[in-house]
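Dumped run.cif below, it's mmCIF, C-alpha atoms:
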data_run
loop_
_atom_site.label_atom_id
_atom_site.label_comp_id
_atom_site.auth_asym_id
_atom_site.auth_seq_id
_atom_site.Cartn_x
_atom_site.Cartn_y
_atom_site.Cartn_z
CA MET A 1 11.75 7.59 -12.70
CA PHE A 2 10.65 6.12 -16.00
CA TRP A 3 7.29 4.78 -14.82
CA LEU A 4 6.35 8.14 -13.31
CA ALA A 5 7.37 10.04 -16.42
CA THR A 6 5.32 7.61 -18.47
CA ILE A 7 2.22 8.34 -16.41
CA ARG A 8 2.57 12.01 -17.26
CA ARG A 9 3.11 11.44 -20.97
CA MET A 10 0.69 8.61 -21.72
CA SER A 11 -2.79 7.52 -20.90
CA LEU A 12 -3.19 5.63 -17.64
CA MET A 13 -3.78 2.29 -19.33
CA GLY A 14 -0.74 2.72 -21.53
CA SER A 15 1.45 3.50 -18.56
CA MET A 16 0.15 0.46 -16.71
CA ILE A 17 1.31 -1.77 -19.55
CA TRP A 18 4.84 -0.48 -19.10
CA LEU A 19 4.54 -0.94 -15.36
CA PHE A 20 3.50 -4.56 -15.78
CA LEU A 21 6.47 -5.24 -18.04
CA GLY A 22 8.79 -3.60 -15.56
CA LEU A 23 7.49 -5.69 -12.70
CA LEU A 24 7.64 -8.92 -14.64
CA CYS A 25 11.22 -8.39 -15.77
CA CYS A 26 12.36 -8.33 -12.17
CA VAL A 27 10.63 -11.55 -11.13
CA LYS A 28 12.90 -14.51 -10.54
CA ALA A 29 11.99 -17.83 -12.14
CA ASP A 30 12.51 -19.90 -8.99
CA LEU A 31 8.87 -20.82 -8.35
CA GLN A 32 6.39 -22.59 -10.59
CA LEU A 33 2.69 -22.36 -11.17
CA GLY A 34 1.24 -25.74 -10.22
CA PHE A 35 4.41 -26.87 -8.46
CA TYR A 36 2.43 -29.58 -6.62
CA HIS A 37 0.67 -30.85 -9.75
CA LYS A 38 2.30 -34.26 -9.45
CA SER A 39 3.35 -34.47 -5.79
CA CYS A 40 0.02 -33.32 -4.34
CA PRO A 41 -2.44 -32.64 -7.19
CA LYS A 42 -5.36 -31.73 -4.92
CA ALA A 43 -3.41 -29.30 -2.70
CA GLU A 44 -4.58 -26.00 -4.18
CA GLU A 45 -8.13 -27.33 -4.53
CA ILE A 46 -8.19 -28.27 -0.83
CA ILE A 47 -6.84 -24.88 0.19
CA SER A 48 -9.22 -22.93 -2.03
CA GLY A 49 -12.17 -25.04 -0.93
CA PHE A 50 -11.54 -24.41 2.75
CA VAL A 51 -11.16 -20.67 2.19
CA LYS A 52 -14.34 -20.47 0.10
CA GLU A 53 -16.25 -22.41 2.76
CA HIS A 54 -15.18 -20.37 5.77
CA ILE A 55 -14.24 -16.80 4.73
CA PRO A 56 -17.85 -15.90 3.74
CA HIS A 57 -18.74 -16.47 7.41
CA ALA A 58 -15.74 -14.45 8.61
CA PRO A 59 -14.99 -11.90 5.86
CA THR A 60 -13.00 -9.63 8.17
CA LEU A 61 -10.35 -12.37 8.36
CA ALA A 62 -9.25 -11.66 4.79
CA SER A 63 -7.36 -8.53 5.80
CA PRO A 64 -5.28 -10.08 8.62
CA LEU A 65 -4.45 -13.09 6.44
CA LEU A 66 -3.21 -10.74 3.71
CA ARG A 67 -1.26 -8.76 6.29
CA MET A 68 0.24 -11.98 7.67
CA HIS A 69 1.56 -12.86 4.22
CA PHE A 70 3.03 -9.36 3.86
CA HIS A 71 4.73 -9.54 7.26
CA ASP A 72 6.06 -12.99 6.46
CA CYS A 73 7.66 -11.90 3.20
CA PHE A 74 9.37 -8.85 4.70
CA VAL A 75 11.29 -10.95 7.24
CA ARG A 76 13.69 -13.54 5.77
CA GLY A 77 11.50 -13.72 2.68
CA CYS A 78 8.25 -15.61 2.16
CA ASP A 79 9.23 -18.66 4.20
CA GLY A 80 6.43 -19.08 6.74
CA SER A 81 8.66 -17.88 9.59
CA VAL A 82 5.88 -15.62 10.88
CA LEU A 83 3.91 -18.78 11.75
CA ILE A 84 6.49 -20.21 14.19
CA ASN A 85 5.74 -20.08 17.91
CA SER A 86 8.16 -18.63 20.46
CA THR A 87 9.96 -20.98 22.84
CA SER A 88 11.72 -20.56 26.16
CA LYS A 89 14.93 -20.06 24.19
CA ASN A 90 13.68 -17.95 21.30
CA GLN A 91 11.32 -15.03 20.84
CA ALA A 92 9.81 -15.64 17.41
CA GLU A 93 8.38 -13.12 14.95
CA LYS A 94 4.93 -13.57 16.45
CA SER A 95 6.07 -11.79 19.61
CA ALA A 96 7.34 -8.69 17.78
CA THR A 97 5.22 -5.56 18.22
CA PRO A 98 4.10 -5.38 14.54
CA ASN A 99 2.77 -8.94 14.77
CA LEU A 100 0.99 -8.83 18.12
CA THR A 101 -2.29 -7.92 16.43
CA LEU A 102 -2.04 -10.54 13.68
CA ARG A 103 -4.78 -13.13 13.69
CA GLY A 104 -5.66 -16.13 11.59
CA PHE A 105 -2.89 -18.47 12.70
CA ASP A 106 -5.44 -21.11 13.64
CA PHE A 107 -6.98 -20.78 10.17
CA ILE A 108 -3.61 -21.58 8.57
CA ASP A 109 -3.15 -24.50 10.96
CA ARG A 110 -6.51 -25.96 9.98
CA VAL A 111 -5.69 -25.72 6.29
CA LYS A 112 -2.29 -27.30 6.91
CA SER A 113 -3.86 -30.25 8.72
CA LEU A 114 -6.14 -30.94 5.75
CA VAL A 115 -3.28 -30.76 3.28
CA GLU A 116 -1.08 -32.95 5.49
CA LYS A 117 -3.81 -35.55 5.61
CA GLU A 118 -3.85 -35.63 1.81
CA CYS A 119 -0.09 -35.39 1.22
CA PRO A 120 2.10 -35.66 4.35
CA GLY A 121 5.27 -33.59 4.28
CA VAL A 122 4.82 -32.20 0.77
CA VAL A 123 3.23 -28.74 0.84
CA SER A 124 5.01 -25.95 2.69
CA CYS A 125 3.41 -23.63 5.19
CA ALA A 126 4.87 -20.70 3.24
CA ASP A 127 2.95 -21.77 0.13
CA ILE A 128 -0.22 -22.38 2.14
CA LEU A 129 -0.06 -18.85 3.58
CA ALA A 130 0.52 -17.31 0.14
CA LEU A 131 -2.39 -19.22 -1.38
CA VAL A 132 -4.77 -18.59 1.54
CA ALA A 133 -4.08 -14.84 1.45
CA ARG A 134 -4.82 -14.71 -2.29
CA ASP A 135 -7.94 -16.85 -2.05
CA ALA A 136 -9.33 -14.98 0.97
CA VAL A 137 -9.05 -11.64 -0.83
CA GLY A 138 -10.77 -13.18 -3.83
CA VAL A 139 -13.69 -14.44 -1.76
CA ILE A 140 -14.51 -10.92 -0.53
CA GLY A 141 -14.48 -9.59 -4.10
CA GLY A 142 -10.88 -8.48 -4.34
CA PRO A 143 -8.35 -9.08 -7.12
CA PHE A 144 -6.93 -12.43 -8.18
CA TRP A 145 -3.20 -12.86 -8.66
CA ARG A 146 -1.02 -15.75 -9.69
CA VAL A 147 0.73 -17.63 -6.88
CA PRO A 148 3.61 -19.70 -8.19
CA THR A 149 4.52 -22.32 -5.59
CA GLY A 150 7.55 -24.28 -4.47
CA ARG A 151 8.52 -22.21 -1.43
CA ARG A 152 10.27 -24.02 1.39
CA ASP A 153 9.74 -23.25 5.07
CA GLY A 154 12.38 -21.33 7.00
CA LEU A 155 14.10 -22.63 10.12
CA ILE A 156 14.60 -19.31 11.88
CA SER A 157 12.07 -16.87 13.35
CA ASN A 158 13.35 -13.89 15.33
CA SER A 159 11.30 -11.09 16.87
CA THR A 160 14.06 -8.50 16.51
CA GLU A 161 14.33 -9.17 12.80
CA ALA A 162 10.58 -8.67 12.47
CA LEU A 163 10.76 -5.35 14.28
CA ASN A 164 13.65 -4.20 12.10
CA ASN A 165 12.23 -5.28 8.74
CA ILE A 166 8.45 -4.76 8.76
CA PRO A 167 7.59 -1.20 7.61
CA ALA A 168 6.11 0.76 10.50
CA PRO A 169 2.91 2.83 10.31
CA THR A 170 5.00 5.79 11.50
CA PHE A 171 7.37 5.70 8.52
CA ASN A 172 7.82 8.74 6.30
CA PHE A 173 8.24 8.43 2.54
CA SER A 174 12.00 8.05 2.62
CA ALA A 175 11.85 5.26 5.21
CA LEU A 176 9.14 3.47 3.24
CA GLN A 177 11.08 3.74 0.00
CA THR A 178 14.19 2.30 1.67
CA SER A 179 12.26 -0.50 3.36
CA PHE A 180 10.69 -1.61 0.09
CA ALA A 181 13.90 -1.22 -1.89
CA ASN A 182 15.68 -3.47 0.60
CA LYS A 183 13.25 -6.21 -0.46
CA GLY A 184 13.63 -5.56 -4.17
CA LEU A 185 10.35 -3.66 -4.41
CA SER A 186 9.93 -0.38 -6.26
CA VAL A 187 8.14 2.85 -5.44
CA ALA A 188 5.35 1.62 -7.69
CA ASP A 189 5.05 -1.52 -5.56
CA LEU A 190 4.92 0.68 -2.46
CA VAL A 191 1.98 2.64 -3.86
CA TRP A 192 0.01 -0.35 -5.08
CA LEU A 193 0.63 -2.63 -2.09
CA SER A 194 -0.41 0.16 0.27
CA GLY A 195 -3.81 -0.30 -1.34
CA ALA A 196 -4.24 -3.36 0.89
CA HIS A 197 -5.33 -0.82 3.49
CA THR A 198 -8.64 -0.63 1.65
CA ILE A 199 -9.74 -3.52 3.89
CA GLY A 200 -9.34 -4.12 7.59
CA ILE A 201 -8.92 -2.27 10.84
CA SER A 202 -6.13 -0.97 13.06
CA HIS A 203 -5.69 -0.58 16.80
CA CYS A 204 -5.43 2.97 18.09
CA SER A 205 -1.89 2.39 19.32
CA SER A 206 -0.68 2.40 15.71
CA PHE A 207 -1.77 5.98 15.03
CA SER A 208 -2.87 7.70 18.26
CA LYS A 209 0.35 9.73 18.38
CA ARG A 210 -0.93 11.57 15.31
CA LEU A 211 -3.98 12.59 17.30
CA TYR A 212 -2.54 13.45 20.68
CA ASN A 213 1.24 13.89 20.75
CA PHE A 214 2.70 14.12 17.28
CA THR A 215 5.91 16.00 18.11
CA GLY A 216 5.93 15.28 21.83
CA LYS A 217 4.20 18.55 22.72
CA GLY A 218 0.61 17.33 22.97
CA ASP A 219 -0.09 18.37 19.41
CA GLN A 220 -1.88 16.86 16.43
CA ASP A 221 -0.34 15.87 13.10
CA PRO A 222 -1.01 18.89 10.85
CA SER A 223 -1.09 16.64 7.78
CA LEU A 224 -4.20 14.90 9.11
CA ASP A 225 -7.57 16.34 8.09
CA SER A 226 -8.90 18.15 11.16
CA PHE A 227 -12.48 16.91 10.78
CA TYR A 228 -11.31 13.33 10.42
CA ALA A 229 -9.01 13.71 13.44
CA ALA A 230 -11.83 15.12 15.56
CA ASN A 231 -14.06 12.21 14.58
CA LEU A 232 -11.37 9.69 15.52
CA LYS A 233 -10.91 11.32 18.92
CA LYS A 234 -14.64 11.47 19.59
CA ASN A 235 -15.71 8.05 18.35
CA LYS A 236 -12.68 5.76 18.15
CA CYS A 237 -9.56 6.58 20.13
CA LYS A 238 -10.89 8.64 23.01
CA SER A 239 -7.62 8.87 24.95
CA PRO A 240 -3.91 8.84 24.08
CA ASN A 241 -3.43 5.64 26.08
CA ASP A 242 -6.12 3.60 24.33
CA ASN A 243 -4.43 0.43 23.08
CA THR A 244 -7.51 -1.72 22.55
CA SER A 245 -10.03 0.26 20.48
CA ILE A 246 -9.99 -0.12 16.72
CA ALA A 247 -10.68 2.04 13.67
CA GLU A 248 -11.35 1.16 10.05
CA MET A 249 -8.45 1.85 7.69
CA ASP A 250 -10.90 2.73 4.93
CA PRO A 251 -13.98 4.17 6.68
CA GLY A 252 -17.22 3.42 4.91
CA SER A 253 -15.94 0.48 2.88
CA PHE A 254 -13.41 -1.32 5.04
CA ARG A 255 -14.83 -4.68 4.01
CA THR A 256 -14.70 -3.90 0.29
CA PHE A 257 -11.62 -4.00 -1.93
CA ASP A 258 -12.02 -0.70 -3.74
CA LEU A 259 -10.44 2.69 -4.42
CA GLY A 260 -11.80 4.21 -1.22
CA TYR A 261 -8.44 4.02 0.54
CA TYR A 262 -6.66 6.09 -2.11
CA LYS A 263 -9.49 8.63 -2.20
CA ASN A 264 -9.20 9.05 1.57
CA VAL A 265 -5.42 9.44 1.34
CA LEU A 266 -5.86 12.30 -1.14
CA LYS A 267 -8.29 13.93 1.30
CA ARG A 268 -5.62 13.69 4.03
CA ARG A 269 -7.63 10.99 5.75
CA GLY A 270 -5.13 8.17 5.64
CA LEU A 271 -5.04 6.57 9.09
CA PHE A 272 -1.27 6.11 9.37
CA GLN A 273 1.68 8.42 8.87
CA SER A 274 2.81 5.92 6.23
CA ASP A 275 -0.47 6.49 4.38
CA ALA A 276 -0.06 10.25 4.52
CA ALA A 277 3.53 9.86 3.34
CA LEU A 278 2.34 8.67 -0.07
CA ILE A 279 1.19 12.18 -0.99
CA THR A 280 4.30 13.96 0.34
CA ASN A 281 6.06 12.88 -2.84
CA ALA A 282 4.78 14.67 -5.95
CA ALA A 283 5.28 11.70 -8.25
CA THR A 284 3.48 9.13 -6.08
CA LYS A 285 0.69 11.58 -5.39
CA SER A 286 0.27 12.07 -9.13
CA SER A 287 0.07 8.32 -9.72
CA ILE A 288 -2.57 7.95 -6.99
CA MET A 289 -4.60 10.75 -8.54
CA SER A 290 -4.45 8.96 -11.88
CA LEU A 291 -5.48 5.70 -10.27
CA VAL A 292 -8.57 7.07 -8.52
CA ASN A 293 -9.76 8.47 -11.83
CA SER A 294 -9.55 5.06 -13.46
CA SER A 295 -11.71 1.97 -13.06
CA PRO A 296 -11.27 -0.42 -10.10
CA GLU A 297 -10.03 -3.02 -12.58
CA VAL A 298 -6.85 -1.00 -13.11
CA PHE A 299 -6.18 -1.03 -9.37
CA PHE A 300 -6.84 -4.76 -9.25
CA LYS A 301 -4.31 -5.38 -12.04
CA VAL A 302 -1.46 -3.33 -10.58
CA PHE A 303 -2.12 -4.69 -7.08
CA ALA A 304 -2.06 -8.25 -8.44
CA PHE A 305 1.28 -7.75 -10.20
CA SER A 306 2.89 -6.25 -7.11
CA MET A 307 1.50 -9.05 -4.93
CA GLU A 308 3.03 -11.67 -7.19
CA LYS A 309 6.34 -9.83 -7.05
CA MET A 310 6.17 -9.56 -3.25
CA GLY A 311 5.40 -13.28 -3.00
CA ARG A 312 8.81 -14.06 -4.51
CA ILE A 313 10.91 -12.10 -2.01
CA GLU A 314 13.94 -14.14 -0.91
CA VAL A 315 12.08 -17.43 -1.28
CA LYS A 316 13.73 -20.67 -0.26
CA THR A 317 13.50 -23.41 -2.87
CA GLY A 318 15.08 -26.73 -3.73
CA SER A 319 16.86 -28.19 -0.71
CA MET A 320 16.80 -24.99 1.35
CA GLY A 321 14.80 -24.96 4.58
CA GLU A 322 12.24 -27.72 5.13
CA ILE A 323 8.60 -28.67 4.74
CA ARG A 324 7.20 -28.15 8.22
CA LYS A 325 4.82 -30.79 9.52
CA ASN A 326 3.30 -28.27 11.93
CA CYS A 327 3.40 -24.64 10.78
CA ALA A 328 3.99 -23.37 14.30
CA VAL A 329 6.96 -25.61 15.06
CA VAL A 330 10.24 -26.29 13.25
CA ASN A 331 10.60 -30.01 12.54
CA GLY A 332 12.35 -31.93 15.31
#
Structure re-expressed in structure tokens:
Amino acid sequence: MFWLATIRRMSLMGSMIWLFLGLLCCVKADLQLGFYHKSCPKAEEIISGFVKEHIPHAPTLASPLLRMHFHDCFVRGCDGSVLINSTSKNQAEKSATPNLTLRGFDFIDRVKSLVEKECPGVVSCADILALVARDAVGVIGGPFWRVPTGRRDGLISNSTEALNNIPAPTFNFSALQTSFANKGLSVADLVWLSGAHTIGISHCSSFSKRLYNFTGKGDQDPSLDSFYAANLKKNKCKSPNDNTSIAEMDPGSFRTFDLGYYKNVLKRRGLFQSDAALITNAATKSSIMSLVNSSPEVFFKVFAFSMEKMGRIEVKTGSMGEIRKNCAVVNG
């Protein structure tokens, strides 16, 4: 791949310039920065203000809000479908296994109510989620990325689609590559967006198989650092059936957006199989090694570009979809 060859031939900063150009060339011009400038000029100010007021008191919410945006975009595009409640006739995305541990829905609802009060029926829930995720990461000291707006809200939310489209923590490199490619994302995007695991926690159920029954024979994943595995068994996930305990995805700095995640991955201390998969490919491992030897600002830049690209996946614009009045319910 060109971008990987470039990393080998050029300095890291030079290669990043080519990466940025590559990412930007693939971005569709269907959203606009400041889309609500005339229709609801205070919208982004209201959203940002609420996030800046409340996230400092609940900084651990930044990670699940970012994850919510990711899960939304991977199912029917970034259309706010992850926010819809299930009904007696439909099991929505919220009820799918990957989304059972999501939190922050009430936060989005509170922001939506403020925006609705200012401009009824104008700003989509999909845009609110994209902006909140960006602003929450910024409040805890993470990178800033552009969020063009103009997304419309989807009308369909299906739990099976969520299960089939959201990359699983058990995926190997090939499965990850396919999952991202299906959404128009590159291997570079896979590497940089995985960096979101620098913040937040995970329930033991997402990785305990690596500790207790990797191949179905009561064994441990040999790709997992033995000391790290022993520590997880002793202090975090003390039994194979523990579905409630949690562990930090980036031990030691799970509240800080930094390079710690990638450093742990290189030490074979990535929590998920999908984390470990990043160093089973020589090219992606090489790019991670280059990244950890650079400044955090480089990580921030590549993460920001991939986030903007992800935020454009299969967006609904124009007359597609609707502008939901209540993010949890399709308009009557």
**OP:** Taking the file above as input, evaluate the PyMOL selection byres ((chain A and resi 153-156) around 10) and report the hits as a ChimeraX atom specification.
**Re:** /A:76-84,90,92-93,123-127,150-152,157-158,315-317,320-324,327,329-331
Original post:
Which value, in Å to one decimal, gives the distance between atom CA of Ser86 of chain A and atom CA of Leu163 of chain A?
Top reply: 14.9 Å
Subject >> Met249 of chain A surroundings by only C-alpha atoms, 7 Å radius, close-in-sequence under 4 positions cut, as a PyMOL selection string >> reply: chain A and resi 197-202+254+271
**OP:** Report as a ChimeraX atom specification the full result of the PyMOL selection byres ((chain A and resi 284-301) around 7) when it is applied to this structure.
**Re:** /A:12,143,258-259,262-263,278-279,281-283,302-305
Write the residues of the preceding selection, restricted to C-alpha atoms, as a CSV table (one decimal), keeping the file's coordinate frame.
chain,number,residue,atom,x,y,z
A,12,LEU,CA,-3.2,5.6,-17.6
A,143,PRO,CA,-8.4,-9.1,-7.1
A,258,ASP,CA,-12.0,-0.7,-3.7
A,259,LEU,CA,-10.4,2.7,-4.4
A,262,TYR,CA,-6.7,6.1,-2.1
A,263,LYS,CA,-9.5,8.6,-2.2
A,278,LEU,CA,2.3,8.7,-0.1
A,279,ILE,CA,1.2,12.2,-1.0
A,281,ASN,CA,6.1,12.9,-2.8
A,282,ALA,CA,4.8,14.7,-6.0
A,283,ALA,CA,5.3,11.7,-8.2
A,302,VAL,CA,-1.5,-3.3,-10.6
A,303,PHE,CA,-2.1,-4.7,-7.1
A,304,ALA,CA,-2.1,-8.2,-8.4
A,305,PHE,CA,1.3,-7.8,-10.2
Subject >> Selection under test: the PyMOL selection byres ((chain A and resi 109) around 12); residues as number ranges by chain >> reply: A: 47, 50, 80, 83-84, 103-108, 110-116, 124-126, 128-129, 132, 324-329
Could you check which residues have any atom within 10 Å of (-7.5, 16.1, 0.9), counting all atoms listed in the file with coordinates taken straight from the file, and then list them as a CSV table (one decimal) with C-alpha atoms, keeping the file's coordinate frame?
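What follows is the written file part_9.csv:
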chain,number,residue,atom,x,y,z
A,223,SER,CA,-1.1,16.6,7.8
A,224,LEU,CA,-4.2,14.9,9.1
A,225,ASP,CA,-7.6,16.3,8.1
A,263,LYS,CA,-9.5,8.6,-2.2
A,264,ASN,CA,-9.2,9.0,1.6
A,265,VAL,CA,-5.4,9.4,1.3
A,266,LEU,CA,-5.9,12.3,-1.1
A,267,LYS,CA,-8.3,13.9,1.3
A,268,ARG,CA,-5.6,13.7,4.0
A,269,ARG,CA,-7.6,11.0,5.8
A,270,GLY,CA,-5.1,8.2,5.6
A,279,ILE,CA,1.2,12.2,-1.0
